[in-house]
Amino acid sequence: MATSIESTQLDFARVKESLKTHFLATDAFADYDFSASALDSILDVLAYNTHYNGLTANFALNEAFLNTAQLRGSVLSIAESLGYTPRSKTSASATVNISVNNTASGRPTTATLPINSRFNTTIDDVTYTFYTTEQYLASDDGNGVYNFKTSLGSADIPIFEGTLKTKSFLVSSNDNPIYIIPDANMDTSTAVVNVFETRTSTVFNSFLPYSKAVQVNDDSRFYGLREAPNGFYEMYFGDGAVIGQKPTVGQFIVVTYLSTLDEAGNGASTFTAQSNITMGSTNVAVNATAVSRSSGGAVKESIDSIKQNAPIQFAAQNRLVTAEDYIALINANYGSYLNGSTAWGGEDNDPPSYGCAYVSLNYKTGTDAATRAQVESDIVNDLSANRSIMSIDTKFSDAQTCFIEASTTFNFNPSLSTTTPAAIEGQVNTLVKNYFTTNLGTFNKVFRRSSIIADVDDLSEAILNCKMDVKVQRRFTPTLSQSNPYTVQYPVGIAAPSSVDRIVTSNLFRLFNQDCRIRNKLNSNILEVVSVSTDLTVVTNVGTYNSAAGTVNLVGFAPDGVVGSSTEIKISATPANQSTVRPLRNFILSLDTVASFSAANIDYERIKVNL
């Protein structure tokens, strides 16, 4: 009787054993001793071959689907089939005001700053080069000062980090060839593609990236850039008919772009022009004043990010209709500045605001106010204006951080471990921090206490059981010595008043020359101010908290100062459900590492039993 081999048992030992079982079930090999026989060696070869074929088939099948693909080349190919172009490395950019002073007689009325003008800066004793990517004009203000401006009249001019490079191609075929740009550090967003009639011609046509196309026909001039499996970039054009023009035989393609050092260029704030400009017969120095620090430099989009964004953008179909559409297109176009984004309709806002789409952006650390303002302006002017529904306005809401205070206690039997209780406490603290770093820190991420408790229980067999108390914390900066109302909003509901525990408390602040804190009265949602040293009430009613709405409302709060180095008042509250904290809209969960701790309770009774 034949023995079948299940697909889940394709390891070498099982396959070989199944082959032996098959042979022994036949009359010819019923009593055959396979040990040290030639047939046993043949079975080794058959089992290895089956094992390798099974692995190959499994790997190949995994690489065919976006969720299971592991190779970057496979992920890129699948993303392309979904119409998604993964982000290349991006150059750090800064905004500067550029001017020249020329008081010579007979000076011209205008000045021109050439494209690819170069500026140097230094970060940690390393020199980086930034370039302009457009030509800018300036007019004499009457005193010989020329302030360069963009075509929209703004004095804020962007410059980009990188090494300026040029790649040329001679078109030698009427087919649809692929043009390889052998540079894994290319910032595709800085590419300028011009097609000349001949190698020596000065007449050219400019081609734009397909990402900027709103409508494409046989007269359109667009190009595409995609990452190849080896990390280089492939450039392609239309078909000469339906999806745009293509260069013809004899024409000359010139691609100019920046090869970037990605994140290394972030953080620069001083820039020096490396060349003068000529005004008539006078050489004039160029002055640059930074408006914003350089930021936005980033490595290539990661495999995990591509897996997450590609299906969402495919569903968005390059239009802004649902909240998910906003998230997909913002992450795809401005992801180098962001750790994440979220969006929601005005009908879901609190309070509702109809006819609006709300967007909240989680900027990368170090992104200054000027850069943030520019990103938001670009989203409104370049993204929403062309892809959103008419009469729907885009509004921005700042990301709100809600801190988690996690107090972890566990029973510890030292006889089951050679590690000290203090060392185990340190390991637990590290585990909790790593959980927040890995699983939280951006929008739409849920805190689940059970996940951490399970990891703590598995940390050591000496940990007998574990408990975690959770509080949510919001912060605000008060106006000192001035009576004002304050409203603190939490992303979840707050626990009802208790006869035993204080549900709402604050950090220490100075009031009436005393160290005080806010807390709720037992069995009441009324908040009071108490002296820390005497535990006596200083202010009987400073506000209330609303359990269902998750708000703390302070009235007439006028502290004289905040105790310690912080300038913020921290209001901590016990959530109605400590097991799960699910933030809404623009809330981000983060760990308060100062207020969080772990403590080991040594189980002396268990030690006595063991002895």
# chains A, B, ... in the order shown; residues from 1 in each chain; ligands from 1
>>> residues_around(residues="Asn101 in chain A", least_positions_apart="2", cutoff="10 Å", atoms="only C-alpha atoms", output="list of chain:residue names")
A:Ser99, A:Thr103, A:Ala104, A:Asp140, A:Asn143, A:Gly144, A:Val145, A:Tyr146, A:Asn147, A:Val284, A:Ala285, A:Val286, A:Asn287
>>> closest_atom_pairs(of="range 82-132 of chain A", to="range 288-311 of chain A", cutoff="9 Å", atoms="only C-alpha atoms", output="CSV")
residue,atom,partner,partner_atom,distance
A:Leu82,CA,A:Ala310,CA,6.7
A:Gly83,CA,A:Ala310,CA,7.9
A:Tyr84,CA,A:Ala310,CA,5.5
A:Thr85,CA,A:Ala310,CA,8.1
A:Pro86,CA,A:Glu301,CA,6.1
A:Arg87,CA,A:Glu301,CA,5.2
A:Ser88,CA,A:Lys300,CA,4.6
A:Lys89,CA,A:Lys300,CA,4.4
A:Thr90,CA,A:Gly297,CA,5.1
A:Ser91,CA,A:Gly297,CA,4.6
A:Ala92,CA,A:Gly297,CA,3.7
A:Ser93,CA,A:Ser294,CA,4.9
A:Ala94,CA,A:Ser294,CA,4.1
A:Thr95,CA,A:Ser292,CA,5.3
A:Val96,CA,A:Ala290,CA,4.3
A:Asn97,CA,A:Thr289,CA,5.1
A:Ile98,CA,A:Ala288,CA,4.6
A:Ser99,CA,A:Ala288,CA,6.7
A:Val100,CA,A:Ala288,CA,8.9
A:Phe119,CA,A:Ala288,CA,8.5
>>> write_last_selection(atoms="N, CA and C atoms", output="JSON list (two decimals), in the first residue's frame")
[["chain", "number", "residue", "atom", "x", "y", "z"],
["A", 82, "LEU", "N", 0.49, 47.24, -8.06],
["A", 82, "LEU", "CA", -0.59, 47.97, -7.39],
["A", 82, "LEU", "C", -0.55, 49.46, -7.69],
["A", 83, "GLY", "N", 0.40, 49.87, -8.54],
["A", 83, "GLY", "CA", 0.51, 51.28, -8.89],
["A", 83, "GLY", "C", 1.19, 52.12, -7.82],
["A", 84, "TYR", "N", 1.96, 51.48, -6.96],
["A", 84, "TYR", "CA", 2.62, 52.20, -5.86],
["A", 84, "TYR", "C", 4.11, 52.30, -6.14],
["A", 85, "THR", "N", 4.67, 53.50, -6.02],
["A", 85, "THR", "CA", 6.09, 53.72, -6.21],
["A", 85, "THR", "C", 6.75, 53.96, -4.86],
["A", 86, "PRO", "N", 7.52, 53.02, -4.35],
["A", 86, "PRO", "CA", 8.18, 53.21, -3.05],
["A", 86, "PRO", "C", 9.12, 54.41, -3.07],
["A", 87, "ARG", "N", 9.23, 55.07, -1.94],
["A", 87, "ARG", "CA", 10.07, 56.26, -1.82],
["A", 87, "ARG", "C", 11.54, 55.90, -1.91],
["A", 88, "SER", "N", 12.28, 56.66, -2.70],
["A", 88, "SER", "CA", 13.74, 56.51, -2.76],
["A", 88, "SER", "C", 14.35, 57.18, -1.53],
["A", 89, "LYS", "N", 15.68, 57.18, -1.46],
["A", 89, "LYS", "CA", 16.32, 58.04, -0.48],
["A", 89, "LYS", "C", 15.90, 59.48, -0.75],
["A", 90, "THR", "N", 15.74, 60.27, 0.28],
["A", 90, "THR", "CA", 15.36, 61.67, 0.08],
["A", 90, "THR", "C", 16.42, 62.59, 0.67],
["A", 91, "SER", "N", 16.64, 63.67, -0.04],
["A", 91, "SER", "CA", 17.63, 64.66, 0.40],
["A", 91, "SER", "C", 17.08, 65.50, 1.53],
["A", 92, "ALA", "N", 17.94, 65.82, 2.48],
["A", 92, "ALA", "CA", 17.56, 66.82, 3.49],
["A", 92, "ALA", "C", 17.38, 68.16, 2.79],
["A", 93, "SER", "N", 16.39, 68.91, 3.21],
["A", 93, "SER", "CA", 16.13, 70.23, 2.61],
["A", 93, "SER", "C", 16.02, 71.28, 3.70],
["A", 94, "ALA", "N", 16.38, 72.49, 3.34],
["A", 94, "ALA", "CA", 16.26, 73.63, 4.25],
["A", 94, "ALA", "C", 15.68, 74.79, 3.47],
["A", 95, "THR", "N", 15.12, 75.74, 4.20],
["A", 95, "THR", "CA", 14.58, 76.95, 3.58],
["A", 95, "THR", "C", 15.47, 78.13, 3.96],
["A", 96, "VAL", "N", 15.87, 78.90, 2.96],
["A", 96, "VAL", "CA", 16.76, 80.04, 3.19],
["A", 96, "VAL", "C", 16.25, 81.28, 2.47],
["A", 97, "ASN", "N", 16.61, 82.43, 2.99],
["A", 97, "ASN", "CA", 16.43, 83.70, 2.29],
["A", 97, "ASN", "C", 17.76, 84.04, 1.63],
["A", 98, "ILE", "N", 17.73, 84.31, 0.32],
["A", 98, "ILE", "CA", 18.95, 84.55, -0.45],
["A", 98, "ILE", "C", 18.90, 85.97, -1.02],
["A", 99, "SER", "N", 20.01, 86.68, -0.89],
["A", 99, "SER", "CA", 20.05, 88.05, -1.40],
["A", 99, "SER", "C", 21.47, 88.39, -1.84],
["A", 100, "VAL", "N", 21.58, 89.47, -2.61],
["A", 100, "VAL", "CA", 22.88, 90.03, -2.97],
["A", 100, "VAL", "C", 22.81, 91.55, -2.79],
["A", 119, "PHE", "N", 25.52, 75.63, -1.97],
["A", 119, "PHE", "CA", 25.71, 76.17, -0.62],
["A", 119, "PHE", "C", 26.31, 75.06, 0.24]]
>>> select_by_dssp(residues="range 73-239 of chain A", states="helix (DSSP H, G or I)", output="PyMOL selection string")
chain A and resi 73-81+210-212
>>> write_last_selection(atoms="N, CA and C atoms", output="PDB file, in the first residue's frame")
ATOM      1  N   GLY A  73      13.184  42.885  -3.745  1.00  0.00           N
ATOM      2  CA  GLY A  73      12.818  42.854  -5.152  1.00  0.00           C
ATOM      3  C   GLY A  73      11.397  42.361  -5.370  1.00  0.00           C
ATOM      4  N   SER A  74      10.984  41.352  -4.610  1.00  0.00           N
ATOM      5  CA  SER A  74       9.615  40.825  -4.733  1.00  0.00           C
ATOM      6  C   SER A  74       8.596  41.861  -4.278  1.00  0.00           C
ATOM      7  N   VAL A  75       8.888  42.520  -3.166  1.00  0.00           N
ATOM      8  CA  VAL A  75       7.974  43.534  -2.640  1.00  0.00           C
ATOM      9  C   VAL A  75       7.841  44.693  -3.627  1.00  0.00           C
ATOM     10  N   LEU A  76       8.960  45.118  -4.230  1.00  0.00           N
ATOM     11  CA  LEU A  76       8.919  46.205  -5.202  1.00  0.00           C
ATOM     12  C   LEU A  76       8.065  45.828  -6.409  1.00  0.00           C
ATOM     13  N   SER A  77       8.211  44.588  -6.873  1.00  0.00           N
ATOM     14  CA  SER A  77       7.454  44.143  -8.045  1.00  0.00           C
ATOM     15  C   SER A  77       5.960  44.116  -7.764  1.00  0.00           C
ATOM     16  N   ILE A  78       5.583  43.593  -6.611  1.00  0.00           N
ATOM     17  CA  ILE A  78       4.162  43.528  -6.275  1.00  0.00           C
ATOM     18  C   ILE A  78       3.600  44.931  -6.071  1.00  0.00           C
ATOM     19  N   ALA A  79       4.380  45.805  -5.418  1.00  0.00           N
ATOM     20  CA  ALA A  79       3.923  47.185  -5.206  1.00  0.00           C
ATOM     21  C   ALA A  79       3.713  47.889  -6.539  1.00  0.00           C
ATOM     22  N   GLU A  80       4.588  47.633  -7.510  1.00  0.00           N
ATOM     23  CA  GLU A  80       4.431  48.256  -8.823  1.00  0.00           C
ATOM     24  C   GLU A  80       3.140  47.800  -9.489  1.00  0.00           C
ATOM     25  N   SER A  81       2.790  46.527  -9.309  1.00  0.00           N
ATOM     26  CA  SER A  81       1.542  46.034  -9.897  1.00  0.00           C
ATOM     27  C   SER A  81       0.322  46.691  -9.266  1.00  0.00           C
ATOM     28  N   TYR A 210       5.439  60.776 -13.752  1.00  0.00           N
ATOM     29  CA  TYR A 210       4.040  60.345 -13.817  1.00  0.00           C
ATOM     30  C   TYR A 210       3.278  60.690 -12.535  1.00  0.00           C
ATOM     31  N   SER A 211       3.985  60.815 -11.430  1.00  0.00           N
ATOM     32  CA  SER A 211       3.309  61.130 -10.159  1.00  0.00           C
ATOM     33  C   SER A 211       2.626  62.488 -10.200  1.00  0.00           C
ATOM     34  N   LYS A 212       3.051  63.376 -11.119  1.00  0.00           N
ATOM     35  CA  LYS A 212       2.440  64.698 -11.233  1.00  0.00           C
ATOM     36  C   LYS A 212       1.373  64.754 -12.320  1.00  0.00           C
TER      37      LYS A 212
END
>>> closest_residue(among="A:Asp125, A:Glu528, A:Glu405, A:Glu161", to="Val594 in chain A", atoms="only C-alpha atoms")
A:Glu405
>>> closest_residue(among="A:Leu66, A:Ala462, A:Ile571, A:Val530", to="Ile503 in chain A", atoms="only C-alpha atoms")
A:Ile571
>>> residues_around(residues="range 505-514 of chain A", least_positions_apart="4", cutoff="12 Å", atoms="only C-alpha atoms", output="VMD selection string")
chain A and resid 471 to 478 480 to 483 488 501 518 to 522 525 to 539 544 to 545 552 554 557 to 574 594 to 595
>>> select_by_dssp(residues="range 113-197 of chain A", states="strand (DSSP E or B)", output="ChimeraX atom specification")
/A:113,118-123,126-131,136-140,145-147,149,157-161,163-170,179-181,186-196
>>> write_last_selection(atoms="N, CA and C atoms", output="short mmCIF file (atom, residue, chain, number, x, y, z; two decimals), in the first residue's frame")
data_model
loop_
_atom_site.label_atom_id
_atom_site.label_comp_id
_atom_site.auth_asym_id
_atom_site.auth_seq_id
_atom_site.Cartn_x
_atom_site.Cartn_y
_atom_site.Cartn_z
N LEU A 113 19.58 84.14 -9.93
CA LEU A 113 20.31 83.09 -9.21
C LEU A 113 20.16 81.81 -10.02
N ARG A 118 25.17 76.43 -5.43
CA ARG A 118 25.67 75.55 -4.38
C ARG A 118 25.89 76.30 -3.07
N PHE A 119 25.52 75.63 -1.97
CA PHE A 119 25.71 76.17 -0.62
C PHE A 119 26.31 75.06 0.24
N ASN A 120 27.24 75.42 1.10
CA ASN A 120 27.87 74.46 2.01
C ASN A 120 27.42 74.69 3.44
N THR A 121 27.43 73.61 4.20
CA THR A 121 27.14 73.69 5.64
C THR A 121 27.97 72.62 6.34
N THR A 122 28.07 72.73 7.66
CA THR A 122 28.84 71.77 8.44
C THR A 122 27.97 71.20 9.55
N ILE A 123 27.95 69.87 9.66
CA ILE A 123 27.24 69.17 10.73
C ILE A 123 28.22 68.21 11.38
N VAL A 126 31.51 67.73 9.65
CA VAL A 126 31.46 67.15 8.31
C VAL A 126 30.76 68.15 7.39
N THR A 127 31.35 68.40 6.22
CA THR A 127 30.80 69.37 5.28
C THR A 127 29.81 68.70 4.34
N TYR A 128 28.65 69.37 4.16
CA TYR A 128 27.62 68.87 3.26
C TYR A 128 27.28 69.98 2.25
N THR A 129 26.89 69.56 1.07
CA THR A 129 26.58 70.49 0.00
C THR A 129 25.09 70.48 -0.29
N PHE A 130 24.52 71.68 -0.43
CA PHE A 130 23.11 71.85 -0.76
C PHE A 130 23.00 72.63 -2.07
N TYR A 131 21.95 72.35 -2.84
CA TYR A 131 21.75 73.00 -4.13
C TYR A 131 20.33 73.56 -4.23
N TYR A 136 16.02 81.48 -9.78
CA TYR A 136 15.26 82.48 -9.04
C TYR A 136 15.66 83.88 -9.49
N LEU A 137 14.70 84.80 -9.43
CA LEU A 137 14.92 86.18 -9.84
C LEU A 137 14.78 87.12 -8.66
N ALA A 138 15.46 88.27 -8.74
CA ALA A 138 15.36 89.30 -7.70
C ALA A 138 15.36 90.66 -8.36
N SER A 139 14.71 91.62 -7.72
CA SER A 139 14.65 93.00 -8.24
C SER A 139 15.34 93.94 -7.26
N ASP A 140 15.91 94.98 -7.81
CA ASP A 140 16.58 96.01 -7.00
C ASP A 140 15.53 96.73 -6.16
N VAL A 145 19.84 96.31 -2.94
CA VAL A 145 19.61 95.02 -2.29
C VAL A 145 18.64 94.22 -3.18
N TYR A 146 19.05 93.00 -3.50
CA TYR A 146 18.24 92.13 -4.35
C TYR A 146 17.85 90.90 -3.52
N ASN A 147 16.57 90.73 -3.24
CA ASN A 147 16.07 89.57 -2.49
C ASN A 147 15.41 88.60 -3.48
N LYS A 149 13.25 85.60 -4.99
CA LYS A 149 11.93 85.10 -4.63
C LYS A 149 11.51 84.00 -5.59
N ILE A 157 13.26 80.13 0.00
CA ILE A 157 13.76 79.34 -1.12
C ILE A 157 14.30 78.00 -0.59
N PRO A 158 13.85 76.88 -1.13
CA PRO A 158 14.33 75.57 -0.66
C PRO A 158 15.67 75.21 -1.30
N ILE A 159 16.54 74.61 -0.51
CA ILE A 159 17.80 74.05 -1.01
C ILE A 159 17.89 72.61 -0.54
N PHE A 160 18.59 71.76 -1.32
CA PHE A 160 18.56 70.32 -1.08
C PHE A 160 19.99 69.76 -1.02
N GLU A 161 20.20 68.84 -0.07
CA GLU A 161 21.51 68.23 0.13
C GLU A 161 21.78 67.16 -0.93
N THR A 163 24.95 65.38 -3.94
CA THR A 163 25.98 65.59 -4.94
C THR A 163 25.30 65.65 -6.30
N LEU A 164 25.50 66.72 -7.02
CA LEU A 164 24.83 66.90 -8.31
C LEU A 164 25.44 65.96 -9.34
N LYS A 165 24.60 65.15 -9.97
CA LYS A 165 25.08 64.19 -10.96
C LYS A 165 24.24 64.26 -12.23
N THR A 166 24.84 63.86 -13.34
CA THR A 166 24.17 63.85 -14.64
C THR A 166 24.40 62.51 -15.32
N LYS A 167 23.35 61.94 -15.88
CA LYS A 167 23.44 60.69 -16.64
C LYS A 167 22.79 60.92 -18.00
N SER A 168 23.49 60.51 -19.05
CA SER A 168 22.99 60.75 -20.41
C SER A 168 22.77 59.43 -21.14
N PHE A 169 21.78 59.42 -22.05
CA PHE A 169 21.47 58.24 -22.84
C PHE A 169 21.20 58.66 -24.29
N LEU A 170 21.74 57.91 -25.23
CA LEU A 170 21.42 58.10 -26.64
C LEU A 170 20.38 57.05 -27.02
N TYR A 179 16.11 52.58 -19.22
CA TYR A 179 17.36 53.31 -19.04
C TYR A 179 17.78 53.20 -17.57
N ILE A 180 18.96 52.63 -17.35
CA ILE A 180 19.44 52.35 -15.99
C ILE A 180 20.26 53.52 -15.47
N ILE A 181 19.90 54.00 -14.28
CA ILE A 181 20.69 55.01 -13.58
C ILE A 181 21.40 54.29 -12.43
N MET A 186 20.27 57.77 -5.29
CA MET A 186 19.52 58.78 -6.04
C MET A 186 18.26 59.20 -5.27
N ASP A 187 18.03 60.52 -5.23
CA ASP A 187 16.76 61.06 -4.75
C ASP A 187 15.90 61.30 -5.98
N THR A 188 14.95 60.42 -6.23
CA THR A 188 14.17 60.50 -7.47
C THR A 188 13.34 61.76 -7.56
N SER A 189 13.01 62.37 -6.42
CA SER A 189 12.19 63.58 -6.45
C SER A 189 12.96 64.78 -6.99
N THR A 190 14.30 64.70 -7.05
CA THR A 190 15.11 65.82 -7.56
C THR A 190 15.47 65.65 -9.04
N ALA A 191 15.03 64.57 -9.65
CA ALA A 191 15.41 64.30 -11.04
C ALA A 191 14.80 65.33 -11.99
N VAL A 192 15.62 65.79 -12.93
CA VAL A 192 15.18 66.66 -14.02
C VAL A 192 15.51 65.95 -15.32
N VAL A 193 14.51 65.66 -16.12
CA VAL A 193 14.70 64.88 -17.34
C VAL A 193 14.39 65.76 -18.55
N ASN A 194 15.41 65.94 -19.40
CA ASN A 194 15.26 66.70 -20.64
C ASN A 194 15.67 65.82 -21.82
N VAL A 195 14.93 65.92 -22.91
CA VAL A 195 15.21 65.15 -24.11
C VAL A 195 15.59 66.12 -25.23
N PHE A 196 16.83 66.01 -25.72
CA PHE A 196 17.34 66.87 -26.79
C PHE A 196 17.17 66.18 -28.14
#
>>> closest_residue(among="A:Thr110, A:Thr50, A:Asn318, A:Asn411", to="Ser384 in chain A", atoms="only C-alpha atoms")
A:Asn318
>>> decode(residues="range 66-163 of chain A", atoms="C-alpha atoms", output="JSON list (two decimals), in the first residue's frame")
[["chain", "number", "residue", "atom", "x", "y", "z"],
["A", 66, "LEU", "CA", 2.81, 41.12, -0.57],
["A", 67, "ASN", "CA", 2.09, 40.01, 3.00],
["A", 68, "THR", "CA", 4.55, 37.12, 2.97],
["A", 69, "ALA", "CA", 7.28, 38.36, 0.59],
["A", 70, "GLN", "CA", 10.69, 38.78, 2.24],
["A", 71, "LEU", "CA", 12.92, 39.90, -0.63],
["A", 72, "ARG", "CA", 12.90, 43.61, -1.44],
["A", 73, "GLY", "CA", 12.82, 42.85, -5.15],
["A", 74, "SER", "CA", 9.61, 40.83, -4.73],
["A", 75, "VAL", "CA", 7.97, 43.53, -2.64],
["A", 76, "LEU", "CA", 8.92, 46.21, -5.20],
["A", 77, "SER", "CA", 7.45, 44.14, -8.04],
["A", 78, "ILE", "CA", 4.16, 43.53, -6.28],
["A", 79, "ALA", "CA", 3.92, 47.19, -5.21],
["A", 80, "GLU", "CA", 4.43, 48.26, -8.82],
["A", 81, "SER", "CA", 1.54, 46.03, -9.90],
["A", 82, "LEU", "CA", -0.59, 47.97, -7.39],
["A", 83, "GLY", "CA", 0.51, 51.28, -8.89],
["A", 84, "TYR", "CA", 2.62, 52.20, -5.86],
["A", 85, "THR", "CA", 6.09, 53.72, -6.21],
["A", 86, "PRO", "CA", 8.18, 53.21, -3.05],
["A", 87, "ARG", "CA", 10.07, 56.26, -1.82],
["A", 88, "SER", "CA", 13.74, 56.51, -2.76],
["A", 89, "LYS", "CA", 16.32, 58.04, -0.48],
["A", 90, "THR", "CA", 15.36, 61.67, 0.08],
["A", 91, "SER", "CA", 17.63, 64.66, 0.40],
["A", 92, "ALA", "CA", 17.56, 66.82, 3.49],
["A", 93, "SER", "CA", 16.13, 70.23, 2.61],
["A", 94, "ALA", "CA", 16.26, 73.63, 4.25],
["A", 95, "THR", "CA", 14.58, 76.95, 3.58],
["A", 96, "VAL", "CA", 16.76, 80.04, 3.19],
["A", 97, "ASN", "CA", 16.43, 83.70, 2.29],
["A", 98, "ILE", "CA", 18.95, 84.55, -0.45],
["A", 99, "SER", "CA", 20.05, 88.05, -1.40],
["A", 100, "VAL", "CA", 22.88, 90.03, -2.97],
["A", 101, "ASN", "CA", 24.04, 93.61, -2.38],
["A", 102, "ASN", "CA", 25.22, 95.66, -5.35],
["A", 103, "THR", "CA", 25.62, 99.41, -4.92],
["A", 104, "ALA", "CA", 27.68, 99.91, -8.08],
["A", 105, "SER", "CA", 26.53, 102.57, -10.48],
["A", 106, "GLY", "CA", 24.76, 101.32, -13.58],
["A", 107, "ARG", "CA", 23.68, 98.14, -11.84],
["A", 108, "PRO", "CA", 20.88, 96.13, -13.50],
["A", 109, "THR", "CA", 17.33, 96.25, -12.23],
["A", 110, "THR", "CA", 17.14, 92.47, -11.81],
["A", 111, "ALA", "CA", 19.46, 89.64, -10.80],
["A", 112, "THR", "CA", 19.30, 85.90, -11.55],
["A", 113, "LEU", "CA", 20.31, 83.09, -9.21],
["A", 114, "PRO", "CA", 21.14, 80.13, -11.48],
["A", 115, "ILE", "CA", 19.68, 76.68, -11.06],
["A", 116, "ASN", "CA", 21.94, 74.33, -9.07],
["A", 117, "SER", "CA", 23.56, 77.16, -7.10],
["A", 118, "ARG", "CA", 25.67, 75.55, -4.38],
["A", 119, "PHE", "CA", 25.71, 76.17, -0.62],
["A", 120, "ASN", "CA", 27.87, 74.46, 2.01],
["A", 121, "THR", "CA", 27.14, 73.69, 5.64],
["A", 122, "THR", "CA", 28.84, 71.77, 8.44],
["A", 123, "ILE", "CA", 27.24, 69.17, 10.73],
["A", 124, "ASP", "CA", 29.44, 67.57, 13.40],
["A", 125, "ASP", "CA", 32.57, 68.77, 11.57],
["A", 126, "VAL", "CA", 31.46, 67.15, 8.31],
["A", 127, "THR", "CA", 30.80, 69.37, 5.28],
["A", 128, "TYR", "CA", 27.62, 68.87, 3.26],
["A", 129, "THR", "CA", 26.58, 70.49, 0.00],
["A", 130, "PHE", "CA", 23.11, 71.85, -0.76],
["A", 131, "TYR", "CA", 21.75, 73.00, -4.13],
["A", 132, "THR", "CA", 18.87, 75.03, -5.47],
["A", 133, "THR", "CA", 16.74, 73.13, -7.97],
["A", 134, "GLU", "CA", 15.25, 76.12, -9.80],
["A", 135, "GLN", "CA", 16.30, 79.49, -11.16],
["A", 136, "TYR", "CA", 15.26, 82.48, -9.04],
["A", 137, "LEU", "CA", 14.92, 86.18, -9.84],
["A", 138, "ALA", "CA", 15.36, 89.30, -7.70],
["A", 139, "SER", "CA", 14.65, 93.00, -8.24],
["A", 140, "ASP", "CA", 16.58, 96.01, -7.00],
["A", 141, "ASP", "CA", 14.81, 97.50, -3.99],
["A", 142, "GLY", "CA", 16.26, 100.92, -4.82],
["A", 143, "ASN", "CA", 19.19, 100.59, -2.42],
["A", 144, "GLY", "CA", 21.09, 97.89, -4.28],
["A", 145, "VAL", "CA", 19.61, 95.02, -2.29],
["A", 146, "TYR", "CA", 18.24, 92.13, -4.35],
["A", 147, "ASN", "CA", 16.07, 89.57, -2.49],
["A", 148, "PHE", "CA", 15.47, 86.44, -4.55],
["A", 149, "LYS", "CA", 11.93, 85.10, -4.63],
["A", 150, "THR", "CA", 10.03, 82.11, -5.96],
["A", 151, "SER", "CA", 7.57, 82.35, -8.84],
["A", 152, "LEU", "CA", 4.81, 82.78, -6.23],
["A", 153, "GLY", "CA", 6.58, 85.76, -4.67],
["A", 154, "SER", "CA", 7.88, 84.00, -1.56],
["A", 155, "ALA", "CA", 11.33, 84.84, -0.20],
["A", 156, "ASP", "CA", 11.61, 81.34, 1.30],
["A", 157, "ILE", "CA", 13.76, 79.34, -1.12],
["A", 158, "PRO", "CA", 14.33, 75.57, -0.66],
["A", 159, "ILE", "CA", 17.80, 74.05, -1.01],
["A", 160, "PHE", "CA", 18.56, 70.32, -1.08],
["A", 161, "GLU", "CA", 21.51, 68.23, 0.13],
["A", 162, "GLY", "CA", 23.42, 65.97, -2.23],
["A", 163, "THR", "CA", 25.98, 65.59, -4.94]]
